[in-house]
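Have a look at entry_12.csv below; it lists CSV, C-alpha atoms.
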chain,number,residue,atom,x,y,z
S,291,MET,CA,-15.8,-2.0,15.4
S,292,THR,CA,-16.3,0.8,17.9
S,293,GLY,CA,-14.8,4.2,17.6
S,294,THR,CA,-12.2,3.4,20.3
S,295,GLU,CA,-10.6,0.6,18.2
S,296,PRO,CA,-7.1,1.4,16.9
S,297,LEU,CA,-8.2,0.4,13.4
S,298,LEU,CA,-11.7,1.0,12.0
S,299,VAL,CA,-12.9,-1.2,9.2
S,300,GLU,CA,-15.6,-0.1,6.7
S,301,GLN,CA,-16.7,-2.3,3.8
S,302,ARG,CA,-17.9,-0.1,1.0
S,303,GLY,CA,-19.0,-2.5,-1.7
S,304,PRO,CA,-15.9,-4.3,-3.1
S,305,VAL,CA,-13.5,-1.9,-1.3
S,306,ARG,CA,-12.5,-2.4,2.3
S,307,TRP,CA,-11.4,0.8,4.0
S,308,LEU,CA,-9.0,0.5,6.9
S,309,LEU,CA,-8.9,3.7,9.0
S,310,LEU,CA,-6.0,4.2,11.4
S,311,ASN,CA,-7.8,5.5,14.5
S,312,ARG,CA,-5.3,7.0,17.0
S,313,PRO,CA,-5.9,10.6,16.0
S,314,GLU,CA,-4.6,11.9,19.4
S,315,ARG,CA,-1.2,10.5,18.4
S,316,ARG,CA,-1.4,11.3,14.7
S,317,ASN,CA,-2.1,7.6,14.2
S,318,ALA,CA,1.4,6.6,15.4
S,319,LEU,CA,2.0,2.9,15.1
S,320,ASP,CA,1.9,0.9,18.3
S,321,VAL,CA,1.6,-2.8,19.0
S,322,THR,CA,-2.2,-2.9,19.0
S,323,LEU,CA,-2.5,-0.9,15.7
S,324,VAL,CA,0.0,-3.0,13.9
S,325,GLU,CA,-1.6,-6.3,15.1
S,326,ALA,CA,-5.0,-5.1,13.9
S,327,LEU,CA,-3.5,-4.0,10.6
S,328,ASP,CA,-1.8,-7.4,10.2
S,329,LYS,CA,-5.0,-9.3,10.9
S,330,GLN,CA,-6.8,-7.3,8.3
S,331,VAL,CA,-4.2,-8.3,5.7
S,332,THR,CA,-5.3,-11.9,6.2
S,333,SER,CA,-9.0,-11.1,6.4
S,334,ALA,CA,-9.1,-8.9,3.3
S,335,GLU,CA,-7.0,-11.4,1.2
S,336,THR,CA,-9.4,-14.3,2.1
S,337,ASP,CA,-12.6,-12.4,1.7
S,338,PRO,CA,-14.1,-13.0,-1.8
S,339,ASP,CA,-16.2,-9.9,-1.6
S,340,THR,CA,-13.2,-7.6,-1.1
S,341,ALA,CA,-11.4,-6.6,-4.2
S,342,VAL,CA,-9.3,-3.6,-3.1
S,343,ILE,CA,-8.1,-2.3,0.3
S,344,ALA,CA,-7.8,1.4,1.0
S,345,VAL,CA,-5.8,2.7,4.0
S,346,ALA,CA,-6.5,6.1,5.4
S,347,GLY,CA,-6.1,8.0,8.7
S,348,LYS,CA,-8.6,9.5,11.1
S,349,GLY,CA,-7.9,13.0,12.5
S,350,PRO,CA,-5.3,15.4,11.4
S,351,SER,CA,-2.8,13.0,9.8
S,352,PHE,CA,-2.4,9.8,7.9
S,353,CYS,CA,0.4,8.5,10.1
S,354,ALA,CA,3.3,10.2,11.8
S,355,GLY,CA,5.4,7.1,12.2
S,356,GLY,CA,6.1,4.8,15.2
S,357,ASP,CA,4.8,5.6,18.6
S,358,PHE,CA,7.8,6.9,20.6
S,359,HIS,CA,5.9,6.2,23.9
S,360,GLN,CA,5.9,2.5,22.7
S,361,PHE,CA,9.6,2.6,22.0
S,362,LEU,CA,10.4,3.9,25.5
S,363,GLN,CA,8.1,1.6,27.3
S,364,LEU,CA,9.7,-1.4,25.6
S,365,HIS,CA,13.2,0.0,26.3
S,366,ASP,CA,12.4,0.7,30.0
S,367,ALA,CA,11.0,-2.9,30.3
S,368,GLY,CA,14.3,-4.3,29.0
S,369,HIS,CA,13.0,-5.1,25.5
S,370,HIS,CA,14.7,-3.9,22.4
S,371,PRO,CA,12.3,-1.9,20.1
S,372,VAL,CA,13.7,-3.7,17.1
S,373,ASP,CA,11.5,-6.7,18.0
S,374,PHE,CA,8.4,-4.5,17.6
S,375,LEU,CA,9.7,-3.0,14.4
S,376,ALA,CA,10.3,-6.5,13.0
S,377,ASP,CA,6.6,-7.0,13.3
S,378,VAL,CA,6.0,-3.7,11.6
S,379,SER,CA,8.3,-4.6,8.7
S,380,ALA,CA,6.7,-8.0,8.3
S,381,CYS,CA,3.2,-6.5,8.2
S,382,PHE,CA,4.3,-4.0,5.5
S,383,SER,CA,6.0,-6.7,3.5
S,384,ARG,CA,2.7,-8.7,3.6
S,385,ILE,CA,0.9,-5.7,2.2
S,386,ALA,CA,3.5,-5.3,-0.5
S,387,ALA,CA,3.1,-9.0,-1.4
S,388,SER,CA,-0.7,-9.1,-1.2
S,389,PRO,CA,-2.4,-10.4,-4.3
S,390,LYS,CA,-5.0,-7.7,-4.0
S,391,PRO,CA,-4.3,-4.0,-4.7
S,392,TRP,CA,-3.8,-1.6,-1.7
S,393,VAL,CA,-4.3,2.1,-1.9
S,394,ALA,CA,-2.8,4.6,0.5
S,395,VAL,CA,-4.9,7.8,1.1
S,396,LEU,CA,-2.6,10.4,2.5
S,397,HIS,CA,-3.3,13.7,4.3
S,398,GLY,CA,-1.7,15.7,7.0
S,399,HIS,CA,1.5,13.8,7.6
S,400,ALA,CA,3.0,10.6,6.2
S,401,VAL,CA,6.3,10.4,8.0
S,402,ALA,CA,8.7,7.6,8.9
S,403,GLY,CA,6.5,4.5,9.5
S,404,GLY,CA,3.6,6.4,7.8
S,405,LEU,CA,5.7,6.8,4.7
S,406,GLU,CA,6.8,3.2,4.9
S,407,LEU,CA,3.2,2.0,5.1
S,408,ALA,CA,2.4,4.1,2.0
S,409,LEU,CA,5.4,2.7,0.2
S,410,ALA,CA,4.1,-0.8,0.7
S,411,CYS,CA,0.9,0.0,-1.1
S,412,ASP,CA,0.4,-0.2,-4.8
S,413,VAL,CA,-1.3,3.1,-5.4
S,414,VAL,CA,-0.9,6.4,-3.5
S,415,VAL,CA,-3.4,9.3,-3.4
S,416,ALA,CA,-2.6,12.4,-1.5
S,417,ALA,CA,-4.0,15.7,-0.4
S,418,ASP,CA,-1.8,18.5,-1.9
S,419,THR,CA,-0.9,19.8,1.6
S,420,THR,CA,0.3,16.4,2.9
S,421,LEU,CA,3.8,16.6,4.4
S,422,ILE,CA,5.8,13.5,3.4
S,423,GLY,CA,9.2,12.3,4.4
S,424,ASP,CA,11.3,9.7,6.1
S,425,GLY,CA,12.1,11.8,9.1
S,426,HIS,CA,13.9,9.1,11.1
S,427,LEU,CA,17.1,11.1,11.4
S,428,ASN,CA,15.2,13.9,13.1
S,429,ARG,CA,15.0,11.7,16.2
S,430,ARG,CA,18.4,9.9,15.8
S,431,LEU,CA,16.7,6.8,14.4
S,432,VAL,CA,17.3,4.8,11.2
S,433,PRO,CA,14.5,3.2,9.1
S,434,ALA,CA,13.2,-0.2,10.1
S,435,GLY,CA,10.0,-0.5,8.1
S,436,GLY,CA,11.3,-0.5,4.6
S,437,SER,CA,11.9,3.1,3.5
S,438,SER,CA,15.6,2.6,2.8
S,439,VAL,CA,14.7,-0.2,0.4
S,440,ARG,CA,11.4,1.0,-1.1
S,441,LEU,CA,11.9,4.7,-1.3
S,442,PRO,CA,14.6,4.7,-4.0
S,443,HIS,CA,12.3,2.6,-6.2
S,444,ALA,CA,9.4,4.9,-5.6
S,445,VAL,CA,11.0,8.4,-6.1
S,446,GLY,CA,14.5,7.7,-7.5
S,447,ARG,CA,18.0,7.6,-6.0
S,448,GLY,CA,18.6,11.4,-5.7
S,449,LEU,CA,15.4,12.4,-3.9
S,450,SER,CA,15.3,9.3,-1.7
S,451,ARG,CA,18.9,10.0,-0.5
S,452,TRP,CA,18.0,13.6,0.3
S,453,LEU,CA,14.9,12.5,2.2
S,454,LEU,CA,16.7,9.8,4.1
S,455,LEU,CA,19.8,11.7,4.9
S,456,THR,CA,18.2,15.0,5.9
S,457,GLY,CA,14.9,14.0,7.4
S,458,GLU,CA,13.2,16.8,5.5
S,459,LEU,CA,9.5,16.7,5.0
S,460,LEU,CA,8.2,17.9,1.6
S,461,PRO,CA,4.6,18.7,0.4
S,462,ALA,CA,3.0,16.1,-1.7
S,463,THR,CA,3.3,18.4,-4.7
S,464,ALA,CA,7.1,18.0,-4.6
S,465,PHE,CA,6.6,14.4,-5.6
S,466,GLU,CA,4.4,15.2,-8.6
S,467,ASN,CA,7.0,14.3,-11.2
S,468,THR,CA,8.2,11.1,-9.6
S,469,GLY,CA,5.3,8.9,-10.7
S,470,TRP,CA,5.0,7.5,-7.1
S,471,ILE,CA,1.8,9.4,-6.2
S,472,HIS,CA,-1.0,8.6,-8.6
S,473,ALA,CA,-3.2,11.6,-7.8
S,474,ILE,CA,-2.5,14.8,-5.8
S,475,VAL,CA,-5.7,16.8,-5.1
S,476,PRO,CA,-7.1,19.3,-2.6
S,477,GLU,CA,-8.0,17.7,0.7
S,478,ALA,CA,-11.7,18.4,0.1
S,479,ASP,CA,-11.5,16.1,-2.9
S,480,LEU,CA,-9.4,13.4,-1.4
S,481,GLU,CA,-12.0,10.8,-0.4
S,482,ALA,CA,-14.0,11.1,-3.6
S,483,THR,CA,-10.8,10.8,-5.7
S,484,ALA,CA,-9.6,7.8,-3.7
S,485,THR,CA,-13.1,6.2,-4.0
S,486,ARG,CA,-13.0,6.6,-7.8
S,487,ILE,CA,-9.5,5.1,-8.0
S,488,CYS,CA,-10.5,2.1,-5.8
S,489,GLN,CA,-13.5,1.5,-7.9
S,490,GLN,CA,-11.5,1.5,-11.1
S,491,LEU,CA,-9.1,-1.1,-9.6
S,492,ALA,CA,-12.1,-3.1,-8.4
S,493,GLU,CA,-13.6,-3.2,-11.9
S,494,ARG,CA,-10.6,-5.3,-13.0
S,495,SER,CA,-10.5,-7.5,-10.0
S,496,GLY,CA,-10.3,-11.3,-10.2
S,497,PRO,CA,-7.8,-14.1,-10.6
S,498,ALA,CA,-5.9,-12.4,-13.5
S,499,GLN,CA,-5.4,-9.2,-11.5
S,500,GLN,CA,-4.3,-11.1,-8.5
S,501,ARG,CA,-1.8,-13.2,-10.5
S,502,LEU,CA,-0.4,-10.1,-12.1
S,503,LYS,CA,-0.1,-8.3,-8.7
S,504,THR,CA,1.8,-11.3,-7.3
S,505,LEU,CA,4.0,-11.5,-10.4
S,506,LEU,CA,4.9,-7.8,-10.1
S,507,HIS,CA,6.0,-8.3,-6.5
S,508,ARG,CA,7.9,-11.4,-7.3
S,509,ILE,CA,9.9,-10.0,-10.2
S,510,ASP,CA,10.8,-6.7,-8.5
S,511,GLY,CA,14.6,-6.5,-8.6
S,512,MET,CA,14.9,-9.8,-10.5
S,513,ALA,CA,17.2,-10.1,-13.5
S,514,PRO,CA,15.3,-9.4,-16.8
S,515,GLU,CA,15.8,-12.8,-18.3
S,516,GLN,CA,14.4,-14.5,-15.2
S,517,ALA,CA,11.6,-12.0,-14.9
S,518,LEU,CA,10.5,-12.7,-18.5
S,519,ARG,CA,10.4,-16.4,-17.7
S,520,GLU,CA,8.3,-15.7,-14.7
S,521,GLU,CA,5.9,-13.6,-16.8
S,522,LEU,CA,5.5,-16.4,-19.3
S,523,ALA,CA,4.9,-18.9,-16.6
S,524,THR,CA,2.2,-16.7,-15.0
S,525,PHE,CA,0.5,-16.3,-18.4
S,526,ALA,CA,0.5,-20.1,-18.8
S,527,ASP,CA,-1.0,-20.6,-15.3
S,528,ASN,CA,-3.7,-17.9,-15.9
S,529,TRP,CA,-4.9,-19.0,-19.3
S,530,PRO,CA,-6.9,-22.1,-18.2
S,531,ALA,CA,-7.6,-21.0,-14.6
S,532,SER,CA,-9.2,-17.7,-15.6
S,533,ALA,CA,-11.2,-19.2,-18.5
S,534,VAL,CA,-9.6,-16.7,-20.8
S,535,ALA,CA,-10.7,-18.5,-24.0
S,536,VAL,CA,-14.3,-18.2,-23.0
S,537,ALA,CA,-13.9,-14.5,-22.2
S,538,LEU,CA,-12.2,-13.9,-25.6
S,539,ARG,CA,-15.0,-15.7,-27.5
S,540,ASP,CA,-17.6,-13.6,-25.7
S,541,PHE,CA,-15.6,-10.4,-26.6
S,542,LEU,CA,-15.3,-11.4,-30.3
S,543,ALA,CA,-18.8,-12.8,-30.7
S,544,PRO,CA,-20.5,-9.6,-31.9
S,545,HIS,CA,-17.7,-9.1,-34.5
S,546,THR,CA,-17.5,-12.7,-35.7
S,547,THR,CA,-18.5,-13.2,-39.4
S,548,LYS,CA,-19.6,-16.4,-41.1
S,549,ALA,CA,-16.2,-16.6,-42.7
S,550,ASP,CA,-14.6,-16.6,-39.4
S,551,MET,CA,-16.7,-19.5,-38.2
S,552,LYS,CA,-15.7,-21.8,-41.2

Starting from the coordinates I provided, produce the structure as structure tokens.
Amino acid sequence: MTGTEPLLVEQRGPVRWLLLNRPERRNALDVTLVEALDKQVTSAETDPDTAVIAVAGKGPSFCAGGDFHQFLQLHDAGHHPVDFLADVSACFSRIAASPKPWVAVLHGHAVAGGLELALACDVVVAADTTLIGDGHLNRRLVPAGGSSVRLPHAVGRGLSRWLLLTGELLPATAFENTGWIHAIVPEADLEATATRICQQLAERSGPAQQRLKTLLHRIDGMAPEQALREELATFADNWPASAVAVALRDFLAPHTTKADMK
């Protein structure tokens, strides 16, 4: 892709990097960017050479949310912005449900739709100066891309309520004890840290990881008894399909004694 595309794609070994590329608008989400991101969900999931997907932003910010110019253009043309936001929500839900791990790499601002994109990912890495928050109420808006649903799971009820009901933006370091952000580092170390984390995920890629990722999404919010049944069913499906017995024999072979072979 050229530098003028709203989403740049870089394949770095098994990791596909998706770079939001509207820096003049702090990578605000518009129709073209969301469509490009949605296409990459399909492309990455079906590419056998892609194990992990990383999402980052070009310019001063990761993503400052929805493009208000887009909202007003739709409104002035007689269209309700909720139709566009339904596409945003569907795209983020596809990311959350993807069988491959997604990593959000945050810097600058991750606000409103930018926060919602990060919440849909499996792992979050952030520069310590990143400002993070829901921010919708600052513009008399309410969430439509998932923050009211996913934020409480990510950071807890108390902090999520504060962020949602005040619109306050907090530095990434304020989330250090929530468990939501996997690594908080100086911005100079952000790309190297994200690359290392993506590589670690890629080292465990394959059918078992994909089944586990799908299971984790499916059982989220499910009653424990049903979730345990789903876990057992996934184990049963994975055993023959992933040739687990062969892998276990290879692992045990150096330690097998003659007595074990009888």

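Between CA of Ala326 in chain S and CA of Pro296 in chain S the separation is 7.5 Å.
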
All residues 7 Å or closer to Leu298 in chain S, all atoms listed in the file, same chain fewer than 5 positions away omitted, as a ChimeraX atom specification: /S:291,308-311

With only C-alpha atoms as the basis for distance, which of S:Pro544, S:Phe358, S:Phe352, S:Ala492 is at the shortest distance from Arg302 in chain S?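 Nearest to Arg302 in chain S: S:Ala492.
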
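Considering the residues S:Ala334, S:Cys353, S:Leu459, S:Leu427 and counting all atoms listed in the file, Ala408 in chain S has its shortest atom-to-atom contact with S:Cys353.
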
Near-range 470-481 of chain S list (10 Å; only C-alpha atoms; drop same-chain fewer than 3 positions) as a ChimeraX atom specification: /S:346,393-398,408-409,412-420,441,443-446,462-463,465-467,484-487

Suppose we keep C-alpha atoms; can you now write the selection as an mmCIF file, in the coordinates of the input?
data_model
loop_
_atom_site.group_PDB
_atom_site.id
_atom_site.type_symbol
_atom_site.label_atom_id
_atom_site.label_comp_id
_atom_site.auth_asym_id
_atom_site.auth_seq_id
_atom_site.Cartn_x
_atom_site.Cartn_y
_atom_site.Cartn_z
ATOM 1 C CA ALA S 346 -6.500 6.100 5.400
ATOM 2 C CA VAL S 393 -4.300 2.100 -1.900
ATOM 3 C CA ALA S 394 -2.800 4.600 0.500
ATOM 4 C CA VAL S 395 -4.900 7.800 1.100
ATOM 5 C CA LEU S 396 -2.600 10.400 2.500
ATOM 6 C CA HIS S 397 -3.300 13.700 4.300
ATOM 7 C CA GLY S 398 -1.700 15.700 7.000
ATOM 8 C CA ALA S 408 2.400 4.100 2.000
ATOM 9 C CA LEU S 409 5.400 2.700 0.200
ATOM 10 C CA ASP S 412 0.400 -0.200 -4.800
ATOM 11 C CA VAL S 413 -1.300 3.100 -5.400
ATOM 12 C CA VAL S 414 -0.900 6.400 -3.500
ATOM 13 C CA VAL S 415 -3.400 9.300 -3.400
ATOM 14 C CA ALA S 416 -2.600 12.400 -1.500
ATOM 15 C CA ALA S 417 -4.000 15.700 -0.400
ATOM 16 C CA ASP S 418 -1.800 18.500 -1.900
ATOM 17 C CA THR S 419 -0.900 19.800 1.600
ATOM 18 C CA THR S 420 0.300 16.400 2.900
ATOM 19 C CA LEU S 441 11.900 4.700 -1.300
ATOM 20 C CA HIS S 443 12.300 2.600 -6.200
ATOM 21 C CA ALA S 444 9.400 4.900 -5.600
ATOM 22 C CA VAL S 445 11.000 8.400 -6.100
ATOM 23 C CA GLY S 446 14.500 7.700 -7.500
ATOM 24 C CA ALA S 462 3.000 16.100 -1.700
ATOM 25 C CA THR S 463 3.300 18.400 -4.700
ATOM 26 C CA PHE S 465 6.600 14.400 -5.600
ATOM 27 C CA GLU S 466 4.400 15.200 -8.600
ATOM 28 C CA ASN S 467 7.000 14.300 -11.200
ATOM 29 C CA ALA S 484 -9.600 7.800 -3.700
ATOM 30 C CA THR S 485 -13.100 6.200 -4.000
ATOM 31 C CA ARG S 486 -13.000 6.600 -7.800
ATOM 32 C CA ILE S 487 -9.500 5.100 -8.000
#

For Val372 in chain S: contacts at 10 Å, only C-alpha atoms, fewer than 5 positions along chain excluded, given as a ChimeraX atom specification: /S:361,364-365,377-378,434
